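**Q** Supplied structure: coords22.cif, mmCIF, N, CA and C atoms.
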```
data_target
loop_
_atom_site.label_atom_id
_atom_site.label_comp_id
_atom_site.auth_asym_id
_atom_site.auth_seq_id
_atom_site.Cartn_x
_atom_site.Cartn_y
_atom_site.Cartn_z
N PRO B 1 -2.44 -13.73 -10.32
CA PRO B 1 -1.07 -13.22 -10.30
C PRO B 1 -0.98 -11.94 -9.49
N ALA B 2 0.23 -11.61 -9.09
CA ALA B 2 0.44 -10.37 -8.35
C ALA B 2 0.16 -9.18 -9.26
N ALA B 3 -0.19 -8.06 -8.65
CA ALA B 3 -0.54 -6.86 -9.43
C ALA B 3 0.59 -6.50 -10.38
N GLY B 4 0.23 -6.29 -11.63
CA GLY B 4 1.18 -5.86 -12.62
C GLY B 4 2.08 -6.94 -13.18
N VAL B 5 1.94 -8.17 -12.69
CA VAL B 5 2.79 -9.27 -13.16
C VAL B 5 2.19 -9.85 -14.44
N THR B 6 3.04 -10.10 -15.40
CA THR B 6 2.58 -10.69 -16.66
C THR B 6 3.35 -11.95 -16.96
N ARG B 7 2.68 -12.82 -17.68
CA ARG B 7 3.34 -14.01 -18.23
C ARG B 7 3.56 -13.72 -19.71
N PRO B 8 4.54 -14.34 -20.32
CA PRO B 8 4.76 -14.10 -21.75
C PRO B 8 3.46 -14.30 -22.55
N GLY B 9 3.17 -13.32 -23.41
CA GLY B 9 1.98 -13.42 -24.25
C GLY B 9 0.69 -12.99 -23.58
N THR B 10 0.76 -12.44 -22.38
CA THR B 10 -0.44 -11.99 -21.68
C THR B 10 -0.34 -10.50 -21.39
N ARG B 11 -1.44 -9.92 -20.99
CA ARG B 11 -1.46 -8.50 -20.64
C ARG B 11 -1.25 -8.34 -19.14
N PRO B 12 -0.80 -7.16 -18.68
CA PRO B 12 -0.67 -6.95 -17.23
C PRO B 12 -2.04 -6.95 -16.57
N VAL B 13 -2.09 -7.38 -15.33
CA VAL B 13 -3.32 -7.41 -14.55
C VAL B 13 -3.04 -6.70 -13.23
N PHE B 14 -3.93 -5.77 -12.88
CA PHE B 14 -3.74 -4.99 -11.67
C PHE B 14 -4.92 -5.20 -10.72
N ASP B 15 -4.62 -5.19 -9.42
CA ASP B 15 -5.67 -5.30 -8.40
C ASP B 15 -6.36 -3.96 -8.18
N VAL B 16 -5.60 -2.87 -8.28
CA VAL B 16 -6.15 -1.55 -8.01
C VAL B 16 -5.47 -0.51 -8.90
N CYS B 17 -6.23 0.52 -9.24
CA CYS B 17 -5.70 1.66 -9.97
C CYS B 17 -6.21 2.92 -9.29
N PHE B 18 -5.30 3.83 -8.97
CA PHE B 18 -5.65 5.12 -8.38
C PHE B 18 -5.48 6.19 -9.45
N ILE B 19 -6.50 7.02 -9.62
CA ILE B 19 -6.44 8.11 -10.59
C ILE B 19 -6.58 9.42 -9.82
N ASP B 20 -5.58 10.28 -9.97
CA ASP B 20 -5.54 11.55 -9.25
C ASP B 20 -4.86 12.56 -10.16
N ILE B 21 -5.60 13.05 -11.17
CA ILE B 21 -5.04 13.91 -12.22
C ILE B 21 -5.88 15.18 -12.30
N PHE B 22 -5.21 16.34 -12.25
CA PHE B 22 -5.91 17.61 -12.32
C PHE B 22 -5.17 18.58 -13.21
N ASP B 23 -5.93 19.49 -13.84
CA ASP B 23 -5.30 20.55 -14.65
C ASP B 23 -5.19 21.82 -13.80
N ASN B 24 -4.79 22.93 -14.43
CA ASN B 24 -4.58 24.17 -13.67
C ASN B 24 -5.87 24.82 -13.17
N SER B 25 -7.04 24.31 -13.59
CA SER B 25 -8.31 24.82 -13.07
C SER B 25 -8.92 23.87 -12.04
N ASN B 26 -8.12 22.93 -11.56
CA ASN B 26 -8.54 21.98 -10.52
C ASN B 26 -9.53 20.93 -11.03
N ALA B 27 -9.60 20.76 -12.34
CA ALA B 27 -10.51 19.78 -12.94
C ALA B 27 -9.72 18.59 -13.47
N CYS B 28 -10.33 17.44 -13.41
CA CYS B 28 -9.75 16.26 -14.03
C CYS B 28 -10.03 16.35 -15.53
N PRO B 29 -8.99 16.29 -16.38
CA PRO B 29 -9.25 16.33 -17.82
C PRO B 29 -10.26 15.25 -18.22
N ALA B 30 -11.21 15.62 -19.05
CA ALA B 30 -12.31 14.72 -19.41
C ALA B 30 -11.82 13.40 -19.99
N ALA B 31 -10.67 13.40 -20.64
CA ALA B 31 -10.15 12.16 -21.22
C ALA B 31 -9.93 11.08 -20.17
N PHE B 32 -9.67 11.49 -18.91
CA PHE B 32 -9.37 10.52 -17.85
C PHE B 32 -10.60 9.98 -17.15
N HIS B 33 -11.78 10.38 -17.61
CA HIS B 33 -13.01 9.70 -17.17
C HIS B 33 -13.93 9.49 -18.36
N SER B 34 -13.33 9.41 -19.54
CA SER B 34 -14.10 9.14 -20.77
C SER B 34 -14.38 7.64 -20.89
N ALA B 35 -15.39 7.30 -21.66
CA ALA B 35 -15.73 5.89 -21.86
C ALA B 35 -14.56 5.10 -22.46
N PRO B 36 -13.85 5.59 -23.47
CA PRO B 36 -12.71 4.81 -24.00
C PRO B 36 -11.62 4.56 -22.96
N PHE B 37 -11.28 5.59 -22.17
CA PHE B 37 -10.25 5.42 -21.13
C PHE B 37 -10.69 4.40 -20.10
N LEU B 38 -11.91 4.55 -19.59
CA LEU B 38 -12.39 3.64 -18.55
C LEU B 38 -12.56 2.22 -19.08
N SER B 39 -12.94 2.07 -20.33
CA SER B 39 -13.06 0.73 -20.92
C SER B 39 -11.70 0.04 -20.98
N GLN B 40 -10.67 0.78 -21.39
CA GLN B 40 -9.32 0.21 -21.43
C GLN B 40 -8.81 -0.08 -20.03
N LEU B 41 -9.09 0.82 -19.10
CA LEU B 41 -8.68 0.61 -17.71
C LEU B 41 -9.31 -0.66 -17.16
N ARG B 42 -10.57 -0.86 -17.44
CA ARG B 42 -11.28 -2.04 -16.94
C ARG B 42 -10.61 -3.33 -17.42
N LEU B 43 -10.11 -3.32 -18.65
CA LEU B 43 -9.42 -4.50 -19.19
C LEU B 43 -8.13 -4.82 -18.46
N LEU B 44 -7.52 -3.83 -17.82
CA LEU B 44 -6.27 -4.03 -17.10
C LEU B 44 -6.48 -4.51 -15.66
N LEU B 45 -7.72 -4.44 -15.18
CA LEU B 45 -7.99 -4.82 -13.80
C LEU B 45 -8.29 -6.31 -13.69
N ASP B 46 -7.87 -6.88 -12.57
CA ASP B 46 -8.18 -8.28 -12.29
C ASP B 46 -9.70 -8.46 -12.33
N PRO B 47 -10.22 -9.42 -13.10
CA PRO B 47 -11.67 -9.56 -13.25
C PRO B 47 -12.39 -9.98 -11.96
N HIS B 48 -11.66 -10.44 -10.97
CA HIS B 48 -12.30 -10.88 -9.72
C HIS B 48 -12.15 -9.86 -8.60
N THR B 49 -11.02 -9.16 -8.58
CA THR B 49 -10.76 -8.27 -7.45
C THR B 49 -10.44 -6.84 -7.85
N GLY B 50 -10.48 -6.50 -9.14
CA GLY B 50 -10.06 -5.19 -9.61
C GLY B 50 -10.90 -4.04 -9.06
N VAL B 51 -10.22 -2.99 -8.62
CA VAL B 51 -10.85 -1.80 -8.05
C VAL B 51 -10.20 -0.55 -8.64
N VAL B 52 -11.02 0.46 -8.94
CA VAL B 52 -10.53 1.78 -9.33
C VAL B 52 -10.93 2.76 -8.25
N VAL B 53 -10.01 3.63 -7.86
CA VAL B 53 -10.30 4.73 -6.95
C VAL B 53 -9.90 6.00 -7.68
N HIS B 54 -10.88 6.84 -7.98
CA HIS B 54 -10.67 8.05 -8.77
C HIS B 54 -11.00 9.26 -7.92
N ASN B 55 -10.00 10.12 -7.69
CA ASN B 55 -10.18 11.33 -6.91
C ASN B 55 -10.62 12.46 -7.83
N LEU B 56 -11.78 13.05 -7.54
CA LEU B 56 -12.29 14.17 -8.32
C LEU B 56 -12.67 15.30 -7.37
N HIS B 57 -12.62 16.52 -7.86
CA HIS B 57 -13.01 17.68 -7.05
C HIS B 57 -14.43 18.09 -7.39
N PHE B 58 -15.11 18.70 -6.43
CA PHE B 58 -16.43 19.28 -6.68
C PHE B 58 -16.51 20.62 -5.97
N GLY B 59 -17.46 21.46 -6.39
CA GLY B 59 -17.65 22.72 -5.70
C GLY B 59 -17.72 23.95 -6.58
N SER B 60 -17.73 23.77 -7.88
CA SER B 60 -17.88 24.93 -8.76
C SER B 60 -18.85 24.57 -9.87
N ALA B 61 -19.27 25.59 -10.59
CA ALA B 61 -20.20 25.37 -11.69
C ALA B 61 -19.59 24.47 -12.77
N ALA B 62 -18.27 24.49 -12.91
CA ALA B 62 -17.60 23.65 -13.91
C ALA B 62 -17.34 22.24 -13.39
N LEU B 63 -17.02 22.12 -12.10
CA LEU B 63 -16.65 20.81 -11.54
C LEU B 63 -17.85 19.90 -11.31
N ALA B 64 -18.99 20.46 -10.91
CA ALA B 64 -20.16 19.64 -10.59
C ALA B 64 -20.65 18.82 -11.78
N PRO B 65 -20.79 19.38 -12.98
CA PRO B 65 -21.24 18.57 -14.11
C PRO B 65 -20.21 17.51 -14.52
N ALA B 66 -18.92 17.84 -14.36
CA ALA B 66 -17.88 16.86 -14.71
C ALA B 66 -17.92 15.67 -13.75
N LEU B 67 -18.13 15.93 -12.46
CA LEU B 67 -18.25 14.85 -11.50
C LEU B 67 -19.48 14.00 -11.79
N ALA B 68 -20.59 14.63 -12.09
CA ALA B 68 -21.82 13.89 -12.42
C ALA B 68 -21.62 13.03 -13.67
N ALA B 69 -20.93 13.57 -14.67
CA ALA B 69 -20.66 12.80 -15.90
C ALA B 69 -19.75 11.62 -15.60
N ALA B 70 -18.74 11.83 -14.77
CA ALA B 70 -17.84 10.73 -14.40
C ALA B 70 -18.60 9.64 -13.65
N GLU B 71 -19.48 10.04 -12.73
CA GLU B 71 -20.27 9.05 -12.00
C GLU B 71 -21.14 8.22 -12.95
N ARG B 72 -21.75 8.87 -13.93
CA ARG B 72 -22.57 8.15 -14.91
C ARG B 72 -21.73 7.18 -15.75
N ARG B 73 -20.55 7.64 -16.18
CA ARG B 73 -19.70 6.76 -16.99
C ARG B 73 -19.24 5.55 -16.19
N TYR B 74 -18.81 5.76 -14.97
CA TYR B 74 -18.39 4.62 -14.13
C TYR B 74 -19.56 3.66 -13.96
N ALA B 75 -20.75 4.19 -13.68
CA ALA B 75 -21.92 3.33 -13.47
C ALA B 75 -22.27 2.53 -14.72
N SER B 76 -21.98 3.08 -15.89
CA SER B 76 -22.31 2.35 -17.12
C SER B 76 -21.26 1.30 -17.49
N LEU B 77 -20.04 1.42 -16.95
CA LEU B 77 -18.95 0.52 -17.36
C LEU B 77 -18.48 -0.44 -16.28
N PHE B 78 -18.80 -0.16 -15.02
CA PHE B 78 -18.36 -1.01 -13.92
C PHE B 78 -19.58 -1.59 -13.20
N MET B 79 -19.37 -2.69 -12.52
CA MET B 79 -20.49 -3.41 -11.90
C MET B 79 -20.93 -2.81 -10.57
N ASP B 80 -20.02 -2.22 -9.83
CA ASP B 80 -20.32 -1.70 -8.50
C ASP B 80 -19.59 -0.37 -8.36
N VAL B 81 -20.32 0.71 -8.08
CA VAL B 81 -19.73 2.04 -8.01
C VAL B 81 -20.28 2.76 -6.78
N ALA B 82 -19.40 3.46 -6.07
CA ALA B 82 -19.83 4.27 -4.93
C ALA B 82 -19.00 5.55 -4.90
N ARG B 83 -19.63 6.61 -4.41
CA ARG B 83 -18.92 7.88 -4.20
C ARG B 83 -18.72 8.06 -2.70
N VAL B 84 -17.51 8.41 -2.32
CA VAL B 84 -17.17 8.68 -0.93
C VAL B 84 -16.52 10.05 -0.89
N ASP B 85 -17.11 10.98 -0.15
CA ASP B 85 -16.51 12.30 -0.02
C ASP B 85 -15.44 12.27 1.07
N ALA B 86 -14.33 12.98 0.83
CA ALA B 86 -13.24 13.03 1.79
C ALA B 86 -13.72 13.66 3.10
N LEU B 87 -13.09 13.28 4.19
CA LEU B 87 -13.49 13.78 5.50
C LEU B 87 -13.42 15.30 5.60
N ASP B 88 -12.46 15.90 4.93
CA ASP B 88 -12.32 17.35 5.02
C ASP B 88 -13.17 18.09 3.98
N SER B 89 -13.98 17.38 3.23
CA SER B 89 -14.88 18.02 2.26
C SER B 89 -16.01 18.74 3.00
N ARG B 90 -16.52 19.76 2.36
CA ARG B 90 -17.69 20.48 2.87
C ARG B 90 -18.84 20.18 1.93
N PRO B 91 -20.08 20.44 2.32
CA PRO B 91 -21.20 20.17 1.42
C PRO B 91 -21.09 20.91 0.08
N TRP B 92 -20.38 22.02 0.07
CA TRP B 92 -20.30 22.84 -1.13
C TRP B 92 -19.01 22.63 -1.93
N ALA B 93 -18.01 21.94 -1.36
CA ALA B 93 -16.75 21.76 -2.10
C ALA B 93 -15.87 20.72 -1.41
N GLY B 94 -15.05 20.06 -2.21
CA GLY B 94 -14.11 19.10 -1.65
C GLY B 94 -13.69 18.06 -2.65
N ASN B 95 -13.24 16.94 -2.11
CA ASN B 95 -12.81 15.81 -2.93
C ASN B 95 -13.84 14.69 -2.84
N ALA B 96 -14.14 14.11 -3.98
CA ALA B 96 -15.03 12.95 -4.04
C ALA B 96 -14.22 11.79 -4.61
N LEU B 97 -14.24 10.68 -3.94
CA LEU B 97 -13.59 9.47 -4.45
C LEU B 97 -14.66 8.60 -5.09
N LEU B 98 -14.48 8.29 -6.37
CA LEU B 98 -15.34 7.32 -7.02
C LEU B 98 -14.62 5.98 -6.92
N CYS B 99 -15.27 5.02 -6.32
CA CYS B 99 -14.72 3.68 -6.17
C CYS B 99 -15.55 2.74 -7.03
N ALA B 100 -14.89 1.95 -7.85
CA ALA B 100 -15.60 1.07 -8.78
C ALA B 100 -14.92 -0.28 -8.85
N THR B 101 -15.73 -1.33 -9.03
CA THR B 101 -15.19 -2.68 -9.16
C THR B 101 -15.72 -3.32 -10.44
N VAL B 102 -14.97 -4.28 -10.93
CA VAL B 102 -15.38 -4.98 -12.15
C VAL B 102 -16.34 -6.12 -11.85
N ARG B 103 -16.48 -6.48 -10.60
CA ARG B 103 -17.34 -7.60 -10.22
C ARG B 103 -18.50 -7.09 -9.37
N PRO B 104 -19.71 -7.59 -9.60
CA PRO B 104 -20.84 -7.17 -8.75
C PRO B 104 -20.56 -7.46 -7.28
N GLY B 105 -20.93 -6.52 -6.43
CA GLY B 105 -20.73 -6.72 -4.99
C GLY B 105 -19.29 -6.52 -4.54
N GLY B 106 -18.44 -6.07 -5.43
CA GLY B 106 -17.03 -5.93 -5.10
C GLY B 106 -16.75 -4.94 -3.99
N LEU B 107 -17.51 -3.87 -3.92
CA LEU B 107 -17.28 -2.89 -2.87
C LEU B 107 -17.69 -3.42 -1.50
N ALA B 108 -18.67 -4.29 -1.46
CA ALA B 108 -19.10 -4.87 -0.18
C ALA B 108 -17.97 -5.69 0.44
N ARG B 109 -17.12 -6.26 -0.40
CA ARG B 109 -16.01 -7.08 0.10
C ARG B 109 -14.72 -6.29 0.28
N LEU B 110 -14.75 -4.99 -0.01
CA LEU B 110 -13.55 -4.18 0.04
C LEU B 110 -12.95 -4.10 1.44
N GLU B 111 -13.77 -3.90 2.47
CA GLU B 111 -13.25 -3.85 3.84
C GLU B 111 -12.64 -5.19 4.23
N GLU B 112 -13.26 -6.27 3.80
CA GLU B 112 -12.71 -7.61 4.07
C GLU B 112 -11.33 -7.75 3.44
N ARG B 113 -11.19 -7.29 2.20
CA ARG B 113 -9.90 -7.38 1.52
C ARG B 113 -8.88 -6.44 2.15
N ALA B 114 -9.32 -5.26 2.61
CA ALA B 114 -8.41 -4.34 3.30
C ALA B 114 -7.91 -4.96 4.60
N ALA B 115 -8.79 -5.65 5.32
CA ALA B 115 -8.38 -6.31 6.56
C ALA B 115 -7.34 -7.40 6.27
N ALA B 116 -7.55 -8.15 5.19
CA ALA B 116 -6.58 -9.19 4.80
C ALA B 116 -5.24 -8.55 4.43
N ALA B 117 -5.28 -7.42 3.75
CA ALA B 117 -4.04 -6.72 3.38
C ALA B 117 -3.32 -6.20 4.62
N ARG B 118 -4.09 -5.65 5.59
CA ARG B 118 -3.49 -5.19 6.84
C ARG B 118 -2.79 -6.34 7.54
N GLN B 119 -3.42 -7.50 7.56
CA GLN B 119 -2.84 -8.67 8.22
C GLN B 119 -1.57 -9.12 7.50
N ARG B 120 -1.61 -9.18 6.17
CA ARG B 120 -0.42 -9.59 5.41
C ARG B 120 0.74 -8.62 5.61
N ARG B 121 0.43 -7.33 5.73
CA ARG B 121 1.48 -6.32 5.82
C ARG B 121 1.79 -5.93 7.27
N GLY B 122 1.15 -6.57 8.21
CA GLY B 122 1.43 -6.29 9.60
C GLY B 122 0.79 -5.01 10.11
N GLY B 123 -0.37 -4.64 9.55
CA GLY B 123 -1.08 -3.45 10.02
C GLY B 123 -0.70 -2.22 9.23
N GLY B 124 -1.32 -1.12 9.59
CA GLY B 124 -1.01 0.15 8.97
C GLY B 124 -1.55 0.34 7.56
N PHE B 125 -2.50 -0.47 7.16
CA PHE B 125 -3.05 -0.36 5.81
C PHE B 125 -4.49 0.12 5.90
N GLY B 126 -4.71 1.39 5.63
CA GLY B 126 -6.06 1.93 5.63
C GLY B 126 -6.64 2.09 7.02
N HIS B 127 -7.78 2.73 7.07
CA HIS B 127 -8.49 2.89 8.33
C HIS B 127 -9.95 3.21 8.02
N PRO B 128 -10.88 2.38 8.49
CA PRO B 128 -12.30 2.59 8.16
C PRO B 128 -12.83 3.97 8.55
N ALA B 129 -12.29 4.58 9.59
CA ALA B 129 -12.81 5.87 10.03
C ALA B 129 -12.42 7.03 9.12
N ARG B 130 -11.54 6.81 8.17
CA ARG B 130 -11.11 7.89 7.27
C ARG B 130 -12.13 8.19 6.20
N ALA B 131 -13.09 7.32 5.98
CA ALA B 131 -14.13 7.55 4.97
C ALA B 131 -15.48 7.58 5.66
N ARG B 132 -16.39 8.29 5.05
CA ARG B 132 -17.74 8.29 5.61
C ARG B 132 -18.73 8.03 4.51
#
```
Let's see the structure in the file written out as structure tokens.
**A**
Amino acid sequence: PAAGVTRPGTRPVFDVCFIDIFDNSNACPAAFHSAPFLSQLRLLLDPHTGVVVHNLHFGSAALAPALAAAERRYASLFMDVARVDALDSRPWAGNALLCATVRPGGLARLEERAAAARQRRGGGFGHPARAR
């Protein structure tokens, strides 16, 4: 089904979920990368194509352990997880995107799916050079 579409008596199913939540100290509240939250999120994702992209900050004594904890939680609950630092990040600070899929090998097929989405939408969807 299309993302977010439900049939009577079923739960919503999403292809992708973007998480970009920060408090006044530039940290993602721990509840948004906790095991209960991620477990519930995983149930909402399409079991074949579901992807989570979570934007987290790094670069301080408080942010580094939170990012490491989030990476561990994603790795324990999702089948395929990768961290991609934003192009404007520096070695000491910036944004880290945690990308996770519910299916093994899901990230390997992500560029293929992005290309299909670009074709369906007539281009302008993503760009491989924006991530490293």
**Q** Distance CA of His48 in chain B-CA of Leu87 in chain B, one decimal place?
**A**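 So the two atoms, CA of His48 in chain B and CA of Leu87 in chain B, lie 29.0 Å apart.
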**Q** Could you please write out, as a VMD selection string, every residue of chain B that DSSP assigns to strand (DSSP E or B)?
**A** chain B and resid 14 16 to 19 45 51 to 58 80 to 86 90 93 to 101 131
**Q** Pick the closest to Asp15 in chain B from B:Ala75, B:Leu44, B:Leu97, B:Ala115: which is it, counting all atoms listed in the file?
**A**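 Answer, going by the shortest atom-to-atom distance: B:Leu44.
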**Q** Counting only N, CA and C atoms, what is within 7 Å of range 49-55 of chain B, bar same-chain residues fewer than 4 positions away, as a list in words?
**A**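 Using only N, CA and C atoms, the neighbours found are Phe14, Asp15, Val16, Cys17, Phe18, Ile19, Asp20, Ile21, Leu45, Asn95, Ala96, Leu97, Leu98, Cys99, Ala100, Thr101, Val102 and Arg103 of chain B.
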**Q** One decimal, Å: what's the distance from CA of Leu107 in chain B over to CA of Ala64 in chain B, could you say?
**A**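 It comes out at 24.0 Å.
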**Q** Do you have the atom C of Asp88 in chain B-atom N of Ala30 in chain B distance handy?
**A**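 So the answer is 23.2 Å.
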**Q** Select, from B:Ala35, B:Pro91, B:Arg42, B:Ala108, the residue with the minimum atom-to-atom distance to Ala69 in chain B, counting only C-alpha atoms.
**A** B:Ala35
**Q** Which of these residues is nearest to Ala62 in chain B, using only N, CA and C atoms: B:Arg11, B:Phe22, B:Ala27, B:Ser76?
**A**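 Counting only N, CA and C atoms, the residue closest to Ala62 in chain B is B:Ala27.
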